[in-house]
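**Q** Contents are compact mmCIF, C-alpha atoms; file name query_16.txt:
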# COMPACT_ATOMS: atom_id res chain seq x y z
CA MET A 14 0.00 0.00 0.00
CA THR A 15 1.29 3.43 -0.86
CA THR A 16 0.16 6.49 1.02
CA PHE A 17 1.93 9.77 0.76
CA ASN A 18 1.47 12.75 2.99
CA ARG A 19 3.10 16.09 2.59
CA THR A 20 2.68 19.31 4.51
CA TYR A 21 3.00 22.73 2.90
CA ARG A 22 3.67 25.43 5.48
CA SER A 23 2.91 29.13 5.46
CA PRO A 24 3.06 31.50 8.44
CA LYS A 25 -0.72 31.58 8.97
CA PHE A 26 -1.84 28.14 7.77
CA PHE A 27 -0.65 24.87 6.33
CA LEU A 28 -1.96 22.37 3.84
CA CYS A 29 -1.77 18.61 4.21
CA VAL A 30 -1.85 16.66 0.99
CA HIS A 31 -2.81 13.04 1.38
CA HIS A 32 -2.49 10.66 -1.51
CA THR A 33 -3.44 7.00 -1.42
CA GLU A 34 -2.89 4.59 -4.28
CA GLU A 35 -4.85 1.89 -2.51
CA ALA A 36 -7.69 2.02 -0.03
CA HIS A 37 -6.59 3.40 3.30
CA VAL A 38 -8.09 3.85 6.75
CA GLY A 39 -6.51 6.27 9.19
CA PHE A 40 -7.17 7.54 12.68
CA GLU A 41 -6.51 11.11 13.71
CA PRO A 42 -6.78 11.96 17.39
CA ALA A 43 -8.33 15.29 18.36
CA GLU A 44 -5.02 16.73 19.57
CA GLU A 45 -3.52 16.27 16.10
CA ARG A 46 -6.43 17.84 14.24
CA PHE A 47 -6.08 21.37 12.90
CA SER A 48 -8.21 21.05 9.76
CA HIS A 49 -10.85 23.58 8.80
CA PHE A 50 -11.56 22.48 5.24
CA SER A 51 -11.01 19.47 3.01
CA PHE A 52 -10.81 19.40 -0.74
CA ILE A 53 -10.95 16.08 -2.58
CA CYS A 54 -9.02 16.38 -5.83
CA ARG A 55 -9.89 12.89 -7.00
CA GLY A 56 -11.14 9.60 -5.67
CA SER A 57 -13.50 9.29 -2.77
CA GLY A 58 -13.52 8.93 0.95
CA ARG A 59 -15.58 8.85 4.07
CA PHE A 60 -15.14 10.75 7.27
CA HIS A 61 -16.32 9.61 10.69
CA ALA A 62 -16.03 11.99 13.64
CA LEU A 63 -16.60 10.84 17.19
CA VAL A 64 -18.96 13.43 18.68
CA ASP A 65 -20.20 12.90 22.26
CA GLY A 66 -19.48 9.19 22.02
CA GLU A 67 -21.31 8.71 18.72
CA PHE A 68 -19.83 8.58 15.24
CA VAL A 69 -21.06 11.25 12.84
CA SER A 70 -20.38 10.05 9.31
CA HIS A 71 -20.05 11.95 6.08
CA THR A 72 -20.18 9.29 3.44
CA SER A 73 -20.16 11.42 0.31
CA MET A 74 -17.75 14.32 0.48
CA GLY A 75 -17.69 14.90 -3.28
CA VAL A 76 -14.78 15.89 -5.46
CA LYS A 77 -13.74 19.43 -6.35
CA GLU A 78 -15.69 20.88 -3.43
CA LEU A 79 -14.43 22.63 -0.34
CA PHE A 80 -15.86 20.68 2.54
CA PRO A 81 -15.95 22.40 5.97
CA VAL A 82 -14.59 20.15 8.73
CA GLY A 83 -13.73 22.81 11.29
CA LYS A 84 -16.55 21.80 13.62
CA TYR A 85 -14.73 18.49 14.15
CA ILE A 86 -11.39 20.12 15.02
CA ASN A 87 -11.64 18.86 18.60
CA CYS A 88 -12.94 15.39 17.72
CA ASN A 89 -11.24 12.06 17.17
CA VAL A 90 -11.71 11.18 13.53
CA VAL A 91 -11.49 8.08 11.36
CA GLY A 92 -10.88 8.79 7.69
CA GLU A 93 -11.32 6.32 4.86
CA SER A 94 -9.84 6.86 1.42
CA ASP A 95 -10.62 4.71 -1.58
CA GLU A 96 -7.94 3.82 -4.08
CA ASN A 97 -6.28 6.59 -6.04
CA THR A 98 -7.57 9.39 -3.84
CA ARG A 99 -5.91 12.74 -3.39
CA ALA A 100 -7.16 15.09 -0.69
CA ILE A 101 -5.94 18.45 0.54
CA SER A 102 -6.80 19.80 3.96
CA PHE A 103 -6.52 23.44 4.98
CA ASN A 104 -5.25 23.75 8.54
CA SER A 105 -4.47 26.53 11.00
CA TRP A 106 -1.56 26.55 13.40
CA ASN A 107 -3.89 27.60 16.17
CA LYS A 108 -7.00 25.51 16.79
CA ASN A 109 -8.89 28.55 18.06
CA ASP A 110 -8.52 30.50 14.83
CA LYS A 111 -11.78 31.01 12.97
CA TRP A 112 -11.48 30.64 9.22
CA GLU A 113 -13.96 31.14 6.42
CA GLY A 114 -13.24 29.42 3.15
CA ARG A 115 -14.84 29.04 -0.25
CA LEU A 116 -13.90 28.22 -3.79
CA ILE A 117 -13.79 31.25 -6.05
CA GLU A 118 -14.31 31.75 -9.77
CA THR A 119 -12.83 33.95 -12.46
CA GLY A 120 -13.69 37.60 -11.87
CA THR A 121 -12.71 39.75 -8.96
CA VAL A 122 -11.79 38.85 -5.42
CA SER A 123 -11.43 40.93 -2.27
CA SER A 124 -11.68 40.53 1.48
CA THR A 125 -12.54 42.80 4.35
CA GLN A 126 -10.75 40.56 6.84
CA ARG A 127 -7.41 41.49 8.40
CA TYR A 128 -5.85 38.39 6.87
CA ALA A 129 -6.95 36.58 3.75
CA ALA A 130 -5.18 34.40 1.23
CA ILE A 131 -6.01 32.73 -2.00
CA VAL A 132 -4.65 29.22 -2.38
CA CYS A 133 -4.43 27.39 -5.66
CA LEU A 134 -5.62 23.91 -4.75
CA GLU A 135 -5.42 22.46 -8.24
CA GLY A 136 -4.17 23.79 -11.56
CA SER A 137 -3.22 27.46 -11.77
CA CYS A 138 -4.60 30.99 -11.83
CA THR A 139 -3.46 34.54 -12.38
CA VAL A 140 -4.13 37.38 -9.97
CA ASP A 141 -3.56 40.87 -11.33
CA GLY A 142 -1.44 39.26 -14.02
CA LYS A 143 0.75 37.21 -11.66
CA GLU A 144 0.61 33.46 -12.07
CA ILE A 145 -0.07 31.26 -9.07
CA GLN A 146 0.67 27.59 -9.54
CA GLU A 147 -0.80 24.59 -7.73
CA LEU A 148 -0.18 24.67 -3.98
CA GLU A 149 1.08 28.23 -4.05
CA TYR A 150 -0.69 31.09 -2.34
CA ALA A 151 -0.98 34.86 -2.26
CA ASN A 152 -1.96 37.16 0.55
CA LEU A 153 -4.67 39.74 -0.08
CA LYS A 154 -4.63 43.27 1.27
CA PRO A 155 -7.85 44.12 3.14
CA ASN A 156 -10.51 45.81 1.00
CA LYS A 157 -8.40 45.71 -2.15
CA GLU A 158 -10.02 44.27 -5.24
CA TYR A 159 -7.98 41.90 -7.37
CA SER A 160 -8.70 40.56 -10.80
CA ILE A 161 -8.45 36.78 -10.92
CA ASN A 162 -8.46 34.46 -13.88
CA ILE A 163 -8.74 30.78 -13.04
CA SER A 164 -7.50 28.32 -15.65
CA GLU A 165 -9.67 25.51 -16.95
CA ASP A 166 -9.92 22.55 -14.58
CA SER A 167 -8.32 24.62 -11.83
CA TYR A 168 -9.63 25.23 -8.32
CA VAL A 169 -8.76 28.15 -6.10
CA GLY A 170 -9.85 28.76 -2.53
CA LEU A 171 -10.26 32.04 -0.69
CA PHE A 172 -9.47 31.63 3.02
CA GLU A 173 -10.17 34.42 5.47
CA LEU A 174 -9.06 34.61 9.07
CA CYS A 175 -12.06 36.05 10.92
CA MET B 26 23.82 4.25 5.30
CA LYS B 27 24.96 0.79 4.24
CA ILE B 28 25.02 -1.98 6.78
CA ILE B 29 26.75 -5.33 6.72
CA PHE B 30 26.65 -8.63 8.54
CA LYS B 31 28.93 -11.62 8.69
CA ILE B 32 27.74 -15.01 9.91
CA ILE B 33 30.57 -16.35 12.03
CA GLU B 34 29.13 -19.73 12.88
CA TYR B 35 26.03 -21.89 12.43
CA LEU B 36 25.04 -24.04 15.44
CA PRO B 37 22.85 -26.87 14.06
CA GLU B 38 22.27 -28.50 17.46
CA THR B 39 20.58 -25.41 18.81
CA GLU B 40 19.44 -23.97 15.44
CA GLN B 41 21.26 -20.70 16.00
CA VAL B 42 23.64 -18.47 14.09
CA VAL B 43 26.43 -16.31 15.45
CA VAL B 44 26.45 -13.02 13.54
CA SER B 45 28.32 -9.75 13.58
CA PHE B 46 26.71 -6.55 12.36
CA CYS B 47 28.00 -3.05 11.72
CA ARG B 48 27.84 -0.12 9.33
CA GLN B 49 29.88 -0.55 6.19
CA ASN B 50 31.76 2.66 6.99
CA ALA B 51 32.11 1.88 10.69
CA PRO B 52 35.35 3.11 12.30
CA LYS B 53 36.60 -0.45 12.81
CA SER B 54 36.44 -3.85 11.12
CA ILE B 55 33.31 -5.98 11.43
CA ASP B 56 35.59 -8.62 13.01
CA ASP B 57 36.21 -6.23 15.90
CA TYR B 58 32.52 -5.97 16.85
CA TYR B 59 31.04 -8.44 19.33
CA PRO B 60 28.91 -11.03 17.53
CA VAL B 61 25.41 -11.94 18.71
CA VAL B 62 23.58 -15.27 18.75
CA ILE B 63 20.23 -15.38 16.94
CA ASP B 64 17.73 -18.23 16.98
CA CYS B 65 17.04 -19.31 13.42
CA LYS B 66 13.33 -19.41 14.18
CA TYR B 67 13.39 -15.61 14.06
CA ILE B 68 14.95 -15.58 10.59
CA ASP B 69 12.78 -15.77 7.50
CA ASN B 70 14.67 -18.35 5.44
CA THR B 71 11.99 -18.88 2.81
CA ASP B 72 14.51 -17.65 0.25
CA ARG B 73 17.91 -16.03 0.19
CA VAL B 74 16.63 -12.44 -0.12
CA ASN B 75 14.20 -12.89 2.78
CA LEU B 76 16.93 -14.46 4.87
CA ILE B 77 19.27 -11.52 4.26
CA GLU B 78 16.58 -8.87 4.80
CA SER B 79 15.24 -10.46 7.96
CA LEU B 80 18.75 -10.76 9.40
CA PHE B 81 19.35 -7.09 8.68
CA GLN B 82 16.06 -6.21 10.37
CA LEU B 83 17.15 -8.18 13.43
CA GLY B 84 20.55 -6.46 13.34
CA MET B 85 19.34 -2.86 12.98
CA PRO B 86 18.95 -2.22 16.73
CA ILE B 87 22.50 -3.54 17.28
CA ILE B 88 23.89 -1.25 14.58
CA LYS B 89 22.02 1.74 15.99
CA GLN B 90 23.40 0.92 19.43
CA GLN B 91 26.95 0.74 18.03
CA GLU B 92 26.48 4.08 16.31
CA SER B 93 25.15 5.73 19.48
CA GLU B 94 28.15 4.48 21.46
CA GLU B 95 30.74 5.87 19.06
CA VAL B 96 32.70 8.79 20.38
CA THR B 97 31.62 12.18 19.07
CA PRO B 98 34.57 14.46 18.32
CA GLU B 99 34.42 17.58 20.43
CA SER B 100 34.18 19.75 17.31
CA ASN B 101 31.09 17.84 16.11
CA VAL B 102 28.99 18.47 19.20
CA ALA B 103 25.97 20.53 18.11
CA SER B 104 25.39 24.07 19.28
CA GLU B 105 22.30 25.43 20.91
CA MET B 106 19.59 25.54 18.20
CA PHE B 107 17.73 28.64 19.32
CA PHE B 108 19.38 31.46 17.47
CA GLY B 109 18.40 33.75 14.60
CA LYS B 110 17.63 32.40 11.13
CA SER B 111 19.88 34.55 8.97
CA TYR B 112 22.88 32.80 7.44
CA ASP B 113 25.15 35.07 9.47
CA ASP B 114 23.61 33.65 12.66
CA PHE B 115 24.54 30.13 11.53
CA ILE B 116 28.18 30.83 10.76
CA GLY B 117 30.52 28.79 12.93
CA LYS B 118 27.74 26.81 14.66
CA VAL B 119 27.34 23.04 14.36
CA VAL B 120 23.69 22.04 13.90
CA SER B 121 22.44 18.48 14.33
CA ILE B 122 19.27 16.48 13.75
CA ASP B 123 18.42 12.83 14.23
CA THR B 124 18.06 11.26 10.79
CA ASP B 125 15.10 9.15 11.99
CA GLU B 126 13.34 12.38 12.84
CA LEU B 127 14.30 13.90 9.50
CA GLN B 128 12.81 11.01 7.56
CA SER B 129 9.46 11.46 9.29
CA ILE B 130 9.26 15.12 8.24
CA LYS B 131 7.67 15.59 4.85
CA SER B 132 7.12 19.26 5.07
CA LYS B 133 8.00 22.12 2.82
CA ARG B 134 7.42 25.82 2.89
CA MET B 135 4.63 27.00 0.56
CA ARG B 136 5.64 29.39 -2.14
CA ARG B 137 4.00 32.77 -1.67
CA ILE B 138 3.31 34.90 -4.73
CA ASP B 139 3.48 38.59 -3.95
CA ILE B 140 0.51 40.36 -5.52
CA GLU B 141 0.23 43.30 -3.15
Can the structure from this file be put into structure tokens for me?
**A**
Amino acid sequence: MTTFNRTYRSPKFFLCVHHTEEAHVGFEPAEERFSHFSFICRGSGRFHALVDGEFVSHTSMGVKELFPVGKYINCNVVGESDENTRAISFNSWNKNDKWEGRLIETGTVSSTQRYAAIVCLEGSCTVDGKEIQELEYANLKPNKEYSINISEDSYVGLFELC
Amino acid sequence: MKIIFKIIEYLPETEQVVVSFCRQNAPKSIDDYYPVVIDCKYIDNTDRVNLIESLFQLGMPIIKQQESEEVTPESNVASEMFFGKSYDDFIGKVVSIDTDELQSIKSKRMRRIDIE
């Protein structure tokens, strides 16, 4: 079985990229959980969080969607990945941070929050003419509007520290 | 790191082997390391490759122990790690990390694109 995990660090957040070639089941204790969002690039998986002694299951997380998992940040979790699955989680260094996140489309992007970043989860995009490749990010200045062009089959998230 | 073993003796009455282990680039000959006795029941002898690999797996703790007992030259003792991160701060300091720890780290800094 091949599983590959890699962490991409930035000062305010980090991404964990989990890739499984074959089906994989993993346990993540609450003290090791810092995830606010999950993005399934391909494949499929299931997520079971232990809440007040009962498992809460999400059996269809869907691909190419940003799935909020922050409410389970203090829960023990069992994650199942089917074969050939690639998932990216967006994590904060501090569990108490409150993050908003959503996928964005070509057009304009801005944030009123004191810290916001756009993260290219898959593919590439350009922001005010500057290219951002997969798993690269750019910080946004508060209240400044940026022009963003997202390439075909690319997915970009806006993450705001609230 | 390359590691080596040499079977010194096979004891058919007790089904044991006497083996020496060390790193290939150890500071002394493999013949100068104390051999150990291993029960053959712990060795996977289904084929030659399995036999060799299982013996190495059994020998790894011994090799790690040898390595930890080797004398560290005074000039190789690591400095305190908590200093600034500019290259100037590093000059003249010896920095160390356990390679086992290093192998478990699969982390890299994200590239930030400056658009501000």
**Q** Calculated over only C-alpha atoms, which of the candidates A:Tyr21, A:Ile101, A:Asn89, A:Leu79 has the smallest distance to Thr33 (chain A)?
**A** A:Ile101
**Q** Would you pick out the contacts of Ser121 (chain B) at 9 Å or less, using all atoms listed in the file, so that residues sharing its chain but fewer than 4 positions from it are not included, and give the list as a ChimeraX atom specification?
**A** /B:101-104,106
**Q** Distance cut-off 10 Å, centre (-8.7, 27.8, -13.8) in file coordinates, counting all atoms listed in the file: which residues qualify? Return them as number ranges by chain.
**A** A: 117-119, 133, 135-139, 161-169
**Q** How would the residues just picked look written out with C-alpha atoms as a PDB file, in the coordinates of the input?
**A**
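Writing the result to out_27.pdb gives the following:
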ATOM      1  CA  ILE A 117     -13.790  31.250  -6.050  1.00  0.00           C
ATOM      2  CA  GLU A 118     -14.310  31.750  -9.770  1.00  0.00           C
ATOM      3  CA  THR A 119     -12.830  33.950 -12.460  1.00  0.00           C
ATOM      4  CA  CYS A 133      -4.430  27.390  -5.660  1.00  0.00           C
ATOM      5  CA  GLU A 135      -5.420  22.460  -8.240  1.00  0.00           C
ATOM      6  CA  GLY A 136      -4.170  23.790 -11.560  1.00  0.00           C
ATOM      7  CA  SER A 137      -3.220  27.460 -11.770  1.00  0.00           C
ATOM      8  CA  CYS A 138      -4.600  30.990 -11.830  1.00  0.00           C
ATOM      9  CA  THR A 139      -3.460  34.540 -12.380  1.00  0.00           C
ATOM     10  CA  ILE A 161      -8.450  36.780 -10.920  1.00  0.00           C
ATOM     11  CA  ASN A 162      -8.460  34.460 -13.880  1.00  0.00           C
ATOM     12  CA  ILE A 163      -8.740  30.780 -13.040  1.00  0.00           C
ATOM     13  CA  SER A 164      -7.500  28.320 -15.650  1.00  0.00           C
ATOM     14  CA  GLU A 165      -9.670  25.510 -16.950  1.00  0.00           C
ATOM     15  CA  ASP A 166      -9.920  22.550 -14.580  1.00  0.00           C
ATOM     16  CA  SER A 167      -8.320  24.620 -11.830  1.00  0.00           C
ATOM     17  CA  TYR A 168      -9.630  25.230  -8.320  1.00  0.00           C
ATOM     18  CA  VAL A 169      -8.760  28.150  -6.100  1.00  0.00           C
TER      19      VAL A 169
END
**Q** For Gln91 (chain B), which residue out of B:Asn70, B:Thr124, B:Asn75, B:Ser45 is the nearest one, using all atoms listed in the file?
**A**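 The answer is B:Ser45, which sits nearest to Gln91 (chain B).
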**Q** If I take CA of Ala100 (chain A) and CA of Gly56 (chain A), how far is one from the other in Å, to one decimal?
**A**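 Computing it gives 8.4 Å between the two atoms.
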**Q** Please, which residues of chain A lie no more than 6 Å from chain B when the count uses all atoms listed in the file, and can they be set out as a list in words?
**A**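 On the chain A side, the interface is Arg19, Thr20, Tyr21, Arg22, Ser23, Glu149, Tyr150 and Ala151 of chain A.
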**Q** Now that the selection is made, can you save its residues with C-alpha atoms as a compact mmCIF listing (two decimals), in the frame of the given file?
**A**
# COMPACT_ATOMS: atom_id res chain seq x y z
CA ARG A 19 3.10 16.09 2.59
CA THR A 20 2.68 19.31 4.51
CA TYR A 21 3.00 22.73 2.90
CA ARG A 22 3.67 25.43 5.48
CA SER A 23 2.91 29.13 5.46
CA GLU A 149 1.08 28.23 -4.05
CA TYR A 150 -0.69 31.09 -2.34
CA ALA A 151 -0.98 34.86 -2.26
**Q** Find the residues near Lys66 (chain B): any atom within 12 Å, counting only C-alpha atoms, skip ones fewer than 2 places away on the same chain, and give them as a PyMOL selection string.
**A** chain B and resi 39-42+62-64+68-71+76+79-80+83
**Q** Determine, counting only C-alpha atoms, which protein, DNA and RNA residues have an atom within 12 Å of an atom of Glu94 (chain B); residues of the same chain fewer than 4 positions away are not included. Present the result as an MDAnalysis selection string.
**A** chainID B and resid 51:52 87:90
**Q** Find the residues with any atom within 7 Å of (-9.5, 11.1, -2.3); use all atoms listed in the file and the coordinates as given in the file, and write the answer as number ranges by chain.
**A** A: 53-58, 94-95, 97-100
**Q** Between CA of Leu134 (chain A) and CA of Leu148 (chain A), what is the spacing in Å?
**A** 5.5 Å
**Q** Just checking: using only C-alpha atoms, which residue out of A:Phe52, A:Leu63, A:Thr121, A:Glu93 ends up closest to Pro81 (chain A)?
**A** A:Phe52
**Q** Would you mind listing what lies within 8 Å of Lys31 (chain B) as a PyMOL selection string, with all atoms listed in the file counted and same-chain residues fewer than 2 positions away left out?
**A** chain B and resi 29+33+44-46+55
**Q** Put those residues in a file: C-alpha atoms, as an mmCIF file, keeping the file's coordinate frame.
**A**
data_model
loop_
_atom_site.group_PDB
_atom_site.id
_atom_site.type_symbol
_atom_site.label_atom_id
_atom_site.label_comp_id
_atom_site.auth_asym_id
_atom_site.auth_seq_id
_atom_site.Cartn_x
_atom_site.Cartn_y
_atom_site.Cartn_z
ATOM 1 C CA ILE B 29 26.750 -5.330 6.720
ATOM 2 C CA ILE B 33 30.570 -16.350 12.030
ATOM 3 C CA VAL B 44 26.450 -13.020 13.540
ATOM 4 C CA SER B 45 28.320 -9.750 13.580
ATOM 5 C CA PHE B 46 26.710 -6.550 12.360
ATOM 6 C CA ILE B 55 33.310 -5.980 11.430
#
**Q** By how many Å are CA of Lys154 (chain A) and CA of Val140 (chain A) apart?
**A**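 Distance between the two atoms: 12.7 Å.
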**Q** In terms of the shortest atom-to-atom distance over only C-alpha atoms, which of A:Glu78, A:Leu153, A:Val38, A:Asp65 is closest to Ser102 (chain A)?
**A** A:Glu78
**Q** Which is closest to Tyr128 (chain A) among A:Glu41, A:Glu158, A:Glu113, A:Glu144, if we use all atoms listed in the file?
**A**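 Of A:Glu41, A:Glu158, A:Glu113, A:Glu144, the one nearest Tyr128 (chain A), counting all atoms listed in the file, is A:Glu113.
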